[in-house]
Amino acid sequence: MSKLTWRRGGHTAPVAKPEPVERGASKAEMLGRLRDALADNRPPRAEVDRSYRRERDAGTDLVGRFAERVADYRARVLRADSSDLVETAAALLREAGVRRLVVPPGERLAWLAATGVELVYDDPPLTVTQLDAAEGVATECAVAVAETGTIVLDGGPDQGRRALSLLPDYHLCVVRAEQLVGTVPEAVARLDPYRPQTWISGPSATSDIELDRVEGVHGPRRLHVLLLA
Amino acid sequence: MTSVQPYPRAVEPRPPEPTFLGMPPFPEAARTALSDAQLRANLRKATHTIRARRQAVVDELPDWERLRAAGAAIKDDVLAHLPRYLEQLEASVTAAGGTVHWARDADEANAIVVDIVRAHGVDEVVKIKSMATQEIDLNNALGRAGIAAWETDLAEMIVQLGHDLPSHLLVPAIHKNRREIRDVFVAEMGRVGRPAPAGLTERPADLAEAARLHLREKFLSAKVAISGGNFAVAETGTVCVVESEGNGRMCLTLPDVLVTVLGIEKLVPRWEDLEVFLQLLPRSSTGERMNPYTSMWTGVTDGDGPRHFHLVLLDNGRSDVLADPVGRQALRCIRCSACLNVCPVYERVGGHAYGSVYPGPIGAILTPQLRGLNQHDVDAQTASLPYASTLCGACFEACPVLIDIPQILTRQRAQLTDLGRGPAHHAEKAAMRAVDWAFGQPWRLGLAQHAASFSRHVVGRKGRIGKVPRLLGGPLGRWTAARDAPAPPSESFRSWHKRTAGGLEEP
Amino acid sequence: MRIALFITCFNDTMFPETGKSVVRLLRRLGHEVDFPYAQTCCGQMHFNTGYRNEARGIARSFVETFAPYDAVVTPSGSCAAMVREQYPVLVGGAAPATAAGFAEAVGAVAPRVYELSEFLVDVLRVRDVGASFPHTVAYHPTCHSLRSLGVGDRPLRLLRAVRGLRLVALPRADECCGFGGTFAVKNAETSAAMGRDKAAAVLESGAQVLCAGDNSCLMHIGGVMSRQHAGVRVMHLADILASTGPHPELDTFPSGDLAAR
Ligand code: SF4
């Protein structure tokens with residue numbers, strides 16, 4: 001086992017960087033074949049008709065729709081405003097049985113300390129073993145999609161690196177009203193492709209046993225969403 | 001389970017994984033599958049469950065047809081300008097810190113991956129389920145190089161642990177039910193790592209938990225991961241992986257090195273194109289509004305995820321497919337599996353009968369093209385695939401990118417006929433010619449009808465024909481093996497019409 | 001309006017009664033149909049089996065034969081689909097010298113070819129064809145009627161207007177019966193397995209008669225049921241729409257229900 005034991009934080013050994021083996025010839029040949037394949041029967045220019053819905057239908061109750069759709073994945077959703085925020089979060093954490101919570105390096109989740117849980121900042125970065133042992137993690141999100149009940153994390157300071165919301169078995173995500181959009185196209189328009197993204201729709205699940213959905217595999221088995229509206 | 005535990009990595013050397021080489025032609029393989037009552041029950045249950053789920057979430061979107069049309073048009077744009085978009089993708093991935101490799105065929109792609117893994121000095125890798133790596137038989141190539149590849153998708157792991165073959169694009173172990181899965185876990189997990197928990201039940205939640213425990217150690221210690229990709233954005237270099245369990249996220253974020261093997265047709269031109277496919281794919285595939293996890297990354301990011309990213313662009317027959325103006329539609333495929341799930345033939349015979357990692361309707365059109373139906377001679381198994389369909393059209397109706405699968409099937413049949421390579425070719429050609437002769441002139445048809453009417457006195461009893469000995473009967477023998485045939489009537493319509501002036505002079 | 005009947009080679013040879021039903025039905029509605037004797041086949045079997053050149057030759061004579069007519073009615077969803085959907089594909093592969101003329105002929109004739117229920121509902125604009133058939137009937141939407149032609153609920157609308165007829169739902173109706181032309185012999189076992197599932201659905205429906213718009217599918221399903229001695233009869237839509245009373249070999253549906261209609 002020893003030579004395989006590896007920790008994310010402690011890995012500094014130099015690696016022989018594999019050069020792309022001399023394969024310029026392959027590239028030229030592949031492109032040549034593709035050009036030949038298209039030479040005679042070039043397909044007609046295809047115009048993409050984007051008349052599908054890019055925005056939510058007028059009158060959609062975004063907050064209500066989002067809450068309903070998240071709950072459909074058997075994730076727990078609670079709504080709160082600034083007056084009962086701490087109280088509501090404390091109730092969720094009690095329900096989850098979580099006393100120590102990993103949080104990203106940003107400042108916006110500092111208020112969670114008021115719930116009485118101990119906050120462990122991912123700064124300096126925790127090792128995978130530490131993350132794996134953590135009871136839970138809390139993050140904010142970049143965007144949330146009402147129609148599909150999806151939250152999107154893009155590595156911002158209050159969301160942290162991707163492993164953070166992956167290894168602990170419990171994830172509390174705080175969603176603010178201004179982060180809510182109606183549809184997938186609206187979310188794509190708001191996001192920056194150059195940031196690593198994780199789109200999360202409910203707790204981890206699988207359809208691999210008889211094509212029916214079962215919640216809870218490798219990712220967090222419990223997802224709680226605190227909707228601040 | 002909080003720390004890395006010293007379970008055996010492999011108690012004994014792993015035998016090579018089975019492949020589809022040497023599978024019999026479809027009708028024969030189907031016969032075997034049909035006689036397996038358990039298999040048929042499993043498939044029926046799974047396909048019926050997923051059909052209902054898909055329909056419900058598709059009906060929910062008022063603009064579904066527009067999304068399908070947009071999805072097809074985006075893919076057609078990609079195909080029409082593939083060389084340009086591939087070079088654009090290479091430039092954007094490179095600019096974001098990744099390395100791009102070009103692989104003309106399976107051997108080249110496998111060699112590239114083996115080289116990368118070796119360069120990082122490891123002898124095991126974790127894998128996300130990927131059709132491209134199955135297509136090139138990467139696991140066996142790695143095995144020959146002394147590298148163990150652990151499949152981490154639940155269904156793929158069931159197949160790997162059970163020394164089995166995949167039978168579905170999305171759920172390769174769809175042919176197994178919960179009890180069979182439990183038995184595989186109990187028998188096999190301990191041979192390659194953490195054993196199944198004592199007293200494991202067949203409850204799906206317990207099976208999922210067993211997979212979680214078994215793989216945790218592998219995720220936490222892996223240094224190299226291998227994935228496929230659902231989409232790659234030429235403009236930005238972003239690669240997208242759509243999954244459910246979180247095994248994908250583990251592989252994409254924890255190891256130091258990530259190798260993604262991508263079929264060249266997986267491109268989309270622009271970032272915004274993802275807004276179409278992220279709606280089409282999950283609804284068509286698992287029947288969900290959105291799948292649990294979608295990961296997107298562009299090159300490498302400091303302090304988050306792998307430090308080395310390699311993208312292997314795979315041709316392996318795709319340029320041949322592109323050359324066919326009708327068949328090239330198959331390259332729009334986003335591997336959602338909807339066509340399999342709605343296919344009545346797939347439902348009865350399952351995926352193994354198609355003799356390829358691509359089963360079902362998409363397999364029936366893609367496998368022959370990848371193997372070069374329009375360029376080279378093909379074997380009997382490949383030549384049997386275009387006939388593995390009733391042309392009922394359920395696949396076309398479900399396909400999120402509007403691939404006209406029945407049209408491609410009949411075209412491939414024509415290609416086989418023209419080249420004299422269809423199954424049962426000579427006898428069939430003679431029969432077709434005879435029919436063609438009869439249809440050439442109405443009087444000849446009348447003659448044939450008289451012969452048919454006469455035959456009723458020989459074979460028909462009470463207006464029906466029962467079992468005709470197979471040896472005697474040719475097509476009639478094959479027909480009557482399972483169902484009666486009506487005896488021909490005493491008079492054809494045409495004779496009646498002439499005799500009675502269309503019924504006006506009927507006695 | 002000059003109406004031609006395209007009987008189809010298969011009905012002509014194997015199911016002449018269906019053709020007679022169409023003639024009688026339309027006559028009852030006040031329309032005489034021509035039966036051009038030059039017709040043979042639409043070429044579907046050749047096309048679907050991969051014999052495109054042969055199919056093209058047949059298509060040429062088809063469009064020639066039916067060119068003089070305003071409407072062509074056929075009691076076969078799959079043959080109508082062949083002409084309307086696949087003839088344009090055959091145009092694509094025609095020899096350049098003759099392609100233009102062929103394309104023009106196809107363009108003129110193909111859109112005027114109607115499957116029976118389309119012809120009744122869309123062209124003649126009738127729903128009640130004056131039929132009586134006091135039995136329990138299930139309708140199987142054959143794949144080509146359903147998906148290629150998109151006949152929708154036209155056959156059901158016609159059946160609902162038949163006096164005495166009790167329509168029952170067929171479970172999993174939109175699933176293919178497994179006929180598939182040469183599929184039935186090339187992949188005979190799979191085809192039979194599908195046929196048995198369809199037969200099981202028919203029995204589940206409780207119908208006395210299974211009705212469809214294609215005799216080919218009915219021959220397959222009926223053959224399976226006959227082998228099983230299931231006691232359910234298969235009948236073409238035309239044969240039911242042409243009936244004017246109880247079928248001599250069927251019990252009439254209990255009269256209580258009839259009166260309620
Ligand atoms: S052919 Fe269409 S339906 Fe089938 S897997 Fe591909 S995209 Fe999905």
# chains A, B, ... in the order shown; residues from 1 in each chain; ligands from 1
$ residues_near_ligand --ligand "ligand 1" --cutoff "6 Å" --atoms "only C-alpha atoms and all ligand atoms" --output "PDB file with N, CA, C and O atoms, in the first residue's frame"
ATOM      1  N   CYS B 333     -25.135  11.553 -31.968  1.00  0.00           N
ATOM      2  CA  CYS B 333     -25.580  10.829 -30.769  1.00  0.00           C
ATOM      3  C   CYS B 333     -24.918  11.329 -29.490  1.00  0.00           C
ATOM      4  O   CYS B 333     -23.711  11.502 -29.427  1.00  0.00           O
ATOM      5  N   ILE B 334     -25.731  11.568 -28.466  1.00  0.00           N
ATOM      6  CA  ILE B 334     -25.201  11.986 -27.168  1.00  0.00           C
ATOM      7  C   ILE B 334     -25.275  10.843 -26.155  1.00  0.00           C
ATOM      8  O   ILE B 334     -25.168  11.081 -24.951  1.00  0.00           O
ATOM      9  N   ARG B 335     -25.479   9.614 -26.646  1.00  0.00           N
ATOM     10  CA  ARG B 335     -25.415   8.411 -25.795  1.00  0.00           C
ATOM     11  C   ARG B 335     -26.367   8.489 -24.609  1.00  0.00           C
ATOM     12  O   ARG B 335     -26.001   8.141 -23.491  1.00  0.00           O
ATOM     13  N   CYS B 336     -27.585   8.927 -24.885  1.00  0.00           N
ATOM     14  CA  CYS B 336     -28.535   9.078 -23.786  1.00  0.00           C
ATOM     15  C   CYS B 336     -29.220   7.764 -23.458  1.00  0.00           C
ATOM     16  O   CYS B 336     -29.759   7.594 -22.387  1.00  0.00           O
ATOM     17  N   SER B 337     -29.266   6.840 -24.402  1.00  0.00           N
ATOM     18  CA  SER B 337     -29.912   5.526 -24.253  1.00  0.00           C
ATOM     19  C   SER B 337     -31.411   5.539 -24.444  1.00  0.00           C
ATOM     20  O   SER B 337     -32.047   4.497 -24.267  1.00  0.00           O
ATOM     21  N   ALA B 338     -32.009   6.653 -24.767  1.00  0.00           N
ATOM     22  CA  ALA B 338     -33.465   6.665 -24.928  1.00  0.00           C
ATOM     23  C   ALA B 338     -33.894   5.671 -25.993  1.00  0.00           C
ATOM     24  O   ALA B 338     -34.899   4.969 -25.837  1.00  0.00           O
ATOM     25  N   CYS B 339     -33.118   5.564 -27.082  1.00  0.00           N
ATOM     26  CA  CYS B 339     -33.523   4.662 -28.157  1.00  0.00           C
ATOM     27  C   CYS B 339     -33.501   3.207 -27.702  1.00  0.00           C
ATOM     28  O   CYS B 339     -34.318   2.399 -28.134  1.00  0.00           O
ATOM     29  N   ILE B 362     -29.080   2.504 -31.677  1.00  0.00           N
ATOM     30  CA  ILE B 362     -27.897   3.283 -32.066  1.00  0.00           C
ATOM     31  C   ILE B 362     -26.754   2.351 -32.400  1.00  0.00           C
ATOM     32  O   ILE B 362     -25.989   2.589 -33.340  1.00  0.00           O
ATOM     33  N   ALA B 398     -38.005   9.027 -30.038  1.00  0.00           N
ATOM     34  CA  ALA B 398     -37.449   9.368 -28.723  1.00  0.00           C
ATOM     35  C   ALA B 398     -36.129  10.121 -28.817  1.00  0.00           C
ATOM     36  O   ALA B 398     -35.749  10.816 -27.877  1.00  0.00           O
ATOM     37  N   CYS B 399     -35.425   9.987 -29.919  1.00  0.00           N
ATOM     38  CA  CYS B 399     -34.050  10.499 -29.973  1.00  0.00           C
ATOM     39  C   CYS B 399     -34.001  12.019 -29.795  1.00  0.00           C
ATOM     40  O   CYS B 399     -34.619  12.753 -30.558  1.00  0.00           O
ATOM     41  N   PRO B 400     -33.242  12.494 -28.816  1.00  0.00           N
ATOM     42  CA  PRO B 400     -33.208  13.931 -28.533  1.00  0.00           C
ATOM     43  C   PRO B 400     -32.476  14.743 -29.601  1.00  0.00           C
ATOM     44  O   PRO B 400     -32.586  15.968 -29.607  1.00  0.00           O
ATOM     45  N   VAL B 401     -31.722  14.089 -30.481  1.00  0.00           N
ATOM     46  CA  VAL B 401     -31.053  14.830 -31.546  1.00  0.00           C
ATOM     47  C   VAL B 401     -31.538  14.375 -32.928  1.00  0.00           C
ATOM     48  O   VAL B 401     -30.848  14.550 -33.925  1.00  0.00           O
ATOM     49  N   ILE B 403     -32.037  11.659 -34.694  1.00  0.00           N
ATOM     50  CA  ILE B 403     -31.358  10.737 -35.613  1.00  0.00           C
ATOM     51  C   ILE B 403     -32.408   9.796 -36.205  1.00  0.00           C
ATOM     52  O   ILE B 403     -33.096   9.092 -35.473  1.00  0.00           O
TER      53      ILE B 403
END
$ select_by_dssp --residues "region 127-242 of chain C" --states "helix (DSSP H, G or I)" --output "PyMOL selection string"
chain C and resi 143-149+154-160+183-186+188-205+215-227+237-242
$ closest_residue --among "A:Ile200, A:Ala91, A:Ala189, A:Met30" --to "Arg162 (chain A)" --atoms "only C-alpha atoms"
A:Ile200
$ select_by_dssp --residues "region 19-256 of chain C" --states "strand (DSSP E)" --output "MDAnalysis selection string"
chainID C and resid 71:74 113:115 136:139 166:168 209:212 233:236
$ closest_residue --among "A:Ala187, A:Leu78, A:Val137, A:Val214" --to "His171 (chain A)" --atoms "only C-alpha atoms"
A:Val137
$ closest_residue --among "A:Tyr52, A:Tyr194, A:Tyr73, A:Phe66" --to "Gln179 (chain A)" --atoms "only C-alpha atoms"
A:Phe66
$ closest_residue --among "A:Thr129, A:Thr88, A:Thr139, A:Gln159" --to "chain B" --atoms "only C-alpha atoms"
A:Thr129
$ residues_around --residues "Cys251 (chain B)" --least-positions-apart "3" --cutoff "12 Å" --atoms "only C-alpha atoms" --output "PyMOL selection string"
(chain A and resi 162-163+166-167+218-219) or (chain B and resi 125-129+150-153+215-216+218-228+241+243+245-248+254-260+295+305-306)
$ residues_around --residues "Asn42 (chain B)" --least-positions-apart "4" --cutoff "8 Å" --atoms "only C-alpha atoms" --output "list in words"
Glu210 of chain A; Gln38, Ala46, Ile174, His175, Lys176 and Asn177 of chain B
$ write_last_selection --atoms "C-alpha atoms" --output "short mmCIF file (atom, residue, chain, number, x, y, z; two decimals), in the first residue's frame"
data_model
loop_
_atom_site.label_atom_id
_atom_site.label_comp_id
_atom_site.auth_asym_id
_atom_site.auth_seq_id
_atom_site.Cartn_x
_atom_site.Cartn_y
_atom_site.Cartn_z
CA GLU A 210 -33.10 -1.95 -12.28
CA GLN B 38 -34.79 -13.98 -15.86
CA ALA B 46 -36.13 -1.73 -16.26
CA ILE B 174 -29.15 -3.56 -16.74
CA HIS B 175 -29.43 -7.29 -17.45
CA LYS B 176 -28.81 -8.05 -13.78
CA ASN B 177 -31.41 -7.68 -11.06
#
$ atom_distance --atom1 "CA of Leu90 (chain C)" --atom2 "CA of Ala55 (chain C)"
8.0 Å
